[in-house]
Every structure is written in structure tokens, then in C-alpha cells.
Amino acid sequence: MKTQLRSKLKVLDFTHDFECSNWEECSETSPVPFTITHMLEEPETDQLMPNSREQPQCDREPVEIHTDLFLDGLFGFFHLSGFPLYILQRVEKSHGCLRLCCRTLVINQVPFHSLVEILGVLELEAIRELRLHHRNRFCFQSDLIRFFTQVGQMSNLGNLTMSHIPWDFPADCFSLLSPLGHLQKLHLIFGCLSGQLHKMLSSLQKPLETLVINGCRLTENDITYLSQSIHAARLKELVLCSNNLSETVPGPLEVLLAEVSGTLQHLNLRSCRLKEAQLRALLPVLCCCFCLRSLVFFDNVISTSGIMNVLQHLAGLKELKRVQYPIPAECVVYLDEYRWENINRVELARVHTKLQEMLQALQRADMELTNSTSMA
């Protein structure tokens, strides 16, 4: 009689180092780090019968598969292949013998109805980071509700990114995320979020540490809400780039920066249509941000003297080590608040040297200065 040996295997870990991986260039057909086919048992033929009324149950302790997944669609179409397809099929057909624990899940242009099916296979409580990039305007409200309900069940989710969401995306869906108790980082890159920020954030019970709101057409009311929310006093990183904040100074933006001043370490005001006088009005409250480590305010129309004024005021912030400043108005032809051309690179180099010499005189040679041309 042939004796069947039971495997003592408990965990298979295929997790990539996500911080060092460029997942935007990954393919579903990328090779698996090492061969796993022989390690995952193929279900018996009778277990694969789709019309079987009684599904067999796993009679041994499940094996956990740890992996990161990148799911990519194109023009609203989605077809699984390669490693993700193999893993998902093996888990689905294992009848509980395999548990798929995905630490980081990246979803790019995958229809919501397909997402719901895939998330049904995953152990939702294992997901720590979710990145959703969705350009397809057509989706059913029922699929959205089911998807956000599933996201709300990711009890250990710490980092949520939602980018390129269509303009008519219902912000009310965020109320389904109220159970998330470990969320620390939220990145919102929407086409339009005007006047709806309270719907996105009010359901979250725990204060955020990182909040990125990029190109969301924020209003004065949005900034006012944020300054009064539970998140303001705990934020370490605040990114408000590509929002027109010209109407929030003086007023709501100053109040918001005052509220975050005790904890804020990174502030990004790139392309916010701030004029020189408005930036000058923010300096008193910025000088109170003693934890500030980096400041970005390029792509705002500021003169050389205005940039120097900012650096002179902020030189007293000893933690401030990195500043990304705009190309001075004298060094470029601005077409509007966002676009420019004909950079005078000779003059720009002269201004950069002048700024560095000024910082040396202020005993702040440790502060790194860059502009949009040096970052290109």
C-alpha cells in the first residue's frame, strides 16, 4: 500500500522588494523568481468538475502563499496570464488548502467587476498596500459598492493610492472604508474632487500621517474642512500639488498649515498658482513648522528676490534639508501659471549660485537646493 506523505510546508514566500521594484514596467508574464509548480499540488480531476454540488474540504492545515501582485488591463479589457493566473487558479481550486496573502496589490485599468472576483480569492486582511489606477469611465454602481466593501475589509491596510479616477467617481463610496483602522497613507490623484473632500476623509476613524491630494481641484471649503479634521494635527506629509490654491491665501491655507505645524515634515505646494505675495503671507506660519524636512514650491511664478526671501525666513528651521524652488520669473517666459518656455540657463545658473552663497552666509550650506531643470 502506498503511503501518502503530508507536507510540513506552511508558507511559500514570493514577495518582491516592492520599494526597489518598478512595477509600472512589470508584465504579468514576467518569470517567477523560482520554480514553484512542483510545490503546489494539482487538484484531482474530480475536484475540478464545475458542476460538482459538493466541494471537497481541505483536511490539512492550509499553506500560505505570500506574494505581491501587479494586475494590468488595457482600454477596459483585462486578461489574466502568467504568474498571477497560475497562483489565482491554484488557490481557487485548492478548496481552502492554499491561502493567498498579498502584501502589496497594484491594479492598473482593471474593470471593477473583475477586481471583485479577484479580491474574493485573496486574504483581504493580509493586504498592506493597495494602488488603484483606473481610467475607464464606465462601471456599474453595484460593482463599485462591492469593491469598496472589500477594501473596507482590508483590516491591516496601511497605504491606499487611488489615481486617475474618472470625474464622476462617487465619493460616497469612501464611507465603506470606515473599518480601516491602520490606514496611515492616502494618495488621491483624481480628475475632480471639488467640494467632496469631507466625503472622502470623514469616515476614516484614525488620523492619517501622509495625505497626497494631487490635481483634485480643491476648493476653499475643502482646505477649511481639512484644517478642522482629525488628520490635521497628525500629518507628517502633505502634498497639495496641481491644485489652484490662489483663493485660499490669505485664509484657509494659512489655518491648515498652522494646524499641521507641530508634526509636518514634508510639504509639497508645486503648481498651486501661488503668487509671490501669497507665498510671503505663508512665511510666518511656515517658520513655525519646526519639524519640516523638505519643501517643494516650484512651478509657481516667483521672482529671484521672492525665492531669496523664502530661504532667508526658513533658514532657521534646522531640520529643513531639501528645498525645490521654482525657476525665477526673470529666467523664463511664463505662458501661464503652469507652462513656461525659453529658459535662460545662464541666468538660472547665476541665480542658483547666488542662492547657495546666501545659504552659506546664513550657515545653512547643508540645505540642498534644486529646481525643475535640475530634476529633469
# chains A, B, ... in the order shown; residues from 1 in each chain; ligands from 1
call {"tool": "closest_atom_pairs", "arguments": {"of": "range 97-190 of chain A", "to": "range 215-234 of chain A", "cutoff": "9 Å", "atoms": "only C-alpha atoms", "output": "CSV"}}
result
residue,atom,partner,partner_atom,distance
A:Leu188,CA,A:Cys216,CA,7.7
A:Ile189,CA,A:Gly215,CA,6.1
A:Phe190,CA,A:Cys216,CA,5.1
call {"tool": "write_last_selection", "arguments": {"atoms": "N, CA and C atoms", "output": "mmCIF file, in the first residue's frame"}}
result
data_model
loop_
_atom_site.group_PDB
_atom_site.id
_atom_site.type_symbol
_atom_site.label_atom_id
_atom_site.label_comp_id
_atom_site.auth_asym_id
_atom_site.auth_seq_id
_atom_site.Cartn_x
_atom_site.Cartn_y
_atom_site.Cartn_z
ATOM 1 N N LEU A 188 -4.578 60.532 -3.228
ATOM 2 C CA LEU A 188 -5.724 60.764 -4.103
ATOM 3 C C LEU A 188 -5.258 61.590 -5.293
ATOM 4 N N ILE A 189 -5.356 61.001 -6.480
ATOM 5 C CA ILE A 189 -4.997 61.701 -7.710
ATOM 6 C C ILE A 189 -6.208 61.617 -8.622
ATOM 7 N N PHE A 190 -7.139 62.537 -8.444
ATOM 8 C CA PHE A 190 -8.433 62.487 -9.109
ATOM 9 C C PHE A 190 -8.517 63.556 -10.189
#
call {"tool": "select_by_dssp", "arguments": {"residues": "range 36-279 of chain A", "states": "strand (DSSP E or B)", "output": "PyMOL selection string"}}
result
chain A and resi 63-72+74+77+98-108+122+129-133+159-165+185-190+210-213+237-239+266-268
call {"tool": "atom_distance", "arguments": {"atom1": "CA of Leu132 in chain A", "atom2": "CA of Ser94 in chain A"}}
result
27.8 Å
call {"tool": "closest_residue", "arguments": {"among": "A:Gly251, A:Pro207, A:Gly158, A:Pro170", "to": "His182 in chain A", "atoms": "only C-alpha atoms"}}
result
A:Gly158
call {"tool": "closest_residue", "arguments": {"among": "A:Cys331, A:Ile302, A:Val296, A:Leu201", "to": "Thr370 in chain A", "atoms": "only C-alpha atoms"}}
result
A:Val296
call {"tool": "residues_around", "arguments": {"residues": "Leu119 in chain A", "least_positions_apart": "4", "cutoff": "12 Å", "atoms": "only C-alpha atoms", "output": "PyMOL selection string"}}
result
chain A and resi 69+71+88+92+100-102+105+107+112-115+123-127+130+146-154
call {"tool": "closest_residue", "arguments": {"among": "A:Ser372, A:Ser294, A:Thr353, A:Gln363", "to": "Ser271 in chain A", "atoms": "only C-alpha atoms"}}
result
A:Ser372
call {"tool": "residues_around", "arguments": {"residues": "Pro179 in chain A", "least_positions_apart": "2", "cutoff": "9 Å", "atoms": "only C-alpha atoms", "output": "list in words"}}
result
Gly152, Gln153, Met154, Ser155, Leu176, Leu177, Gly181, Ser203, Leu204 and Gln205 of chain A
call {"tool": "write_last_selection", "arguments": {"atoms": "N, CA, C and O atoms", "output": "PDB file, in the first residue's frame"}}
result
ATOM      1  N   GLY A 152     -12.809  47.871   2.485  1.00  0.00           N
ATOM      2  CA  GLY A 152     -13.078  48.129   3.896  1.00  0.00           C
ATOM      3  C   GLY A 152     -12.779  46.937   4.787  1.00  0.00           C
ATOM      4  O   GLY A 152     -12.618  47.080   6.004  1.00  0.00           O
ATOM      5  N   GLN A 153     -12.690  45.749   4.197  1.00  0.00           N
ATOM      6  CA  GLN A 153     -12.368  44.539   4.950  1.00  0.00           C
ATOM      7  C   GLN A 153     -10.865  44.283   5.019  1.00  0.00           C
ATOM      8  O   GLN A 153     -10.430  43.316   5.656  1.00  0.00           O
ATOM      9  N   MET A 154     -10.071  45.141   4.385  1.00  0.00           N
ATOM     10  CA  MET A 154      -8.610  45.013   4.466  1.00  0.00           C
ATOM     11  C   MET A 154      -8.143  45.638   5.774  1.00  0.00           C
ATOM     12  O   MET A 154      -7.608  46.750   5.811  1.00  0.00           O
ATOM     13  N   SER A 155      -8.338  44.934   6.848  1.00  0.00           N
ATOM     14  CA  SER A 155      -8.200  45.485   8.194  1.00  0.00           C
ATOM     15  C   SER A 155      -6.789  45.959   8.521  1.00  0.00           C
ATOM     16  O   SER A 155      -6.605  46.764   9.431  1.00  0.00           O
ATOM     17  N   LEU A 176     -17.600  53.417   2.985  1.00  0.00           N
ATOM     18  CA  LEU A 176     -17.443  51.981   3.207  1.00  0.00           C
ATOM     19  C   LEU A 176     -16.058  51.632   3.745  1.00  0.00           C
ATOM     20  O   LEU A 176     -15.800  50.482   4.092  1.00  0.00           O
ATOM     21  N   LEU A 177     -15.184  52.624   3.829  1.00  0.00           N
ATOM     22  CA  LEU A 177     -13.824  52.384   4.310  1.00  0.00           C
ATOM     23  C   LEU A 177     -13.672  52.685   5.800  1.00  0.00           C
ATOM     24  O   LEU A 177     -12.560  52.647   6.326  1.00  0.00           O
ATOM     25  N   GLY A 181      -8.625  50.596  10.269  1.00  0.00           N
ATOM     26  CA  GLY A 181      -8.057  51.153  11.495  1.00  0.00           C
ATOM     27  C   GLY A 181      -6.565  51.351  11.463  1.00  0.00           C
ATOM     28  O   GLY A 181      -5.990  51.907  12.405  1.00  0.00           O
ATOM     29  N   SER A 203     -15.074  59.550   7.038  1.00  0.00           N
ATOM     30  CA  SER A 203     -15.382  58.197   7.516  1.00  0.00           C
ATOM     31  C   SER A 203     -14.174  57.518   8.163  1.00  0.00           C
ATOM     32  O   SER A 203     -14.333  56.526   8.880  1.00  0.00           O
ATOM     33  N   LEU A 204     -12.977  58.036   7.913  1.00  0.00           N
ATOM     34  CA  LEU A 204     -11.772  57.432   8.487  1.00  0.00           C
ATOM     35  C   LEU A 204     -11.688  57.773   9.972  1.00  0.00           C
ATOM     36  O   LEU A 204     -11.731  58.931  10.365  1.00  0.00           O
ATOM     37  N   GLN A 205     -11.542  56.736  10.798  1.00  0.00           N
ATOM     38  CA  GLN A 205     -11.568  56.914  12.244  1.00  0.00           C
ATOM     39  C   GLN A 205     -10.200  57.256  12.826  1.00  0.00           C
ATOM     40  O   GLN A 205     -10.111  57.817  13.926  1.00  0.00           O
TER      41      GLN A 205
END
call {"tool": "residues_around", "arguments": {"residues": "Gln324 in chain A", "least_positions_apart": "6", "cutoff": "7 Å", "atoms": "only C-alpha atoms", "output": "list in words"}}
result
Leu295, Val296, Phe297, Phe298, Leu369, Thr370 and Asn371 of chain A
call {"tool": "closest_residue", "arguments": {"among": "A:Thr263, A:Thr248, A:Thr373, A:Asn159", "to": "Leu282 in chain A", "atoms": "only C-alpha atoms"}}
result
A:Thr248
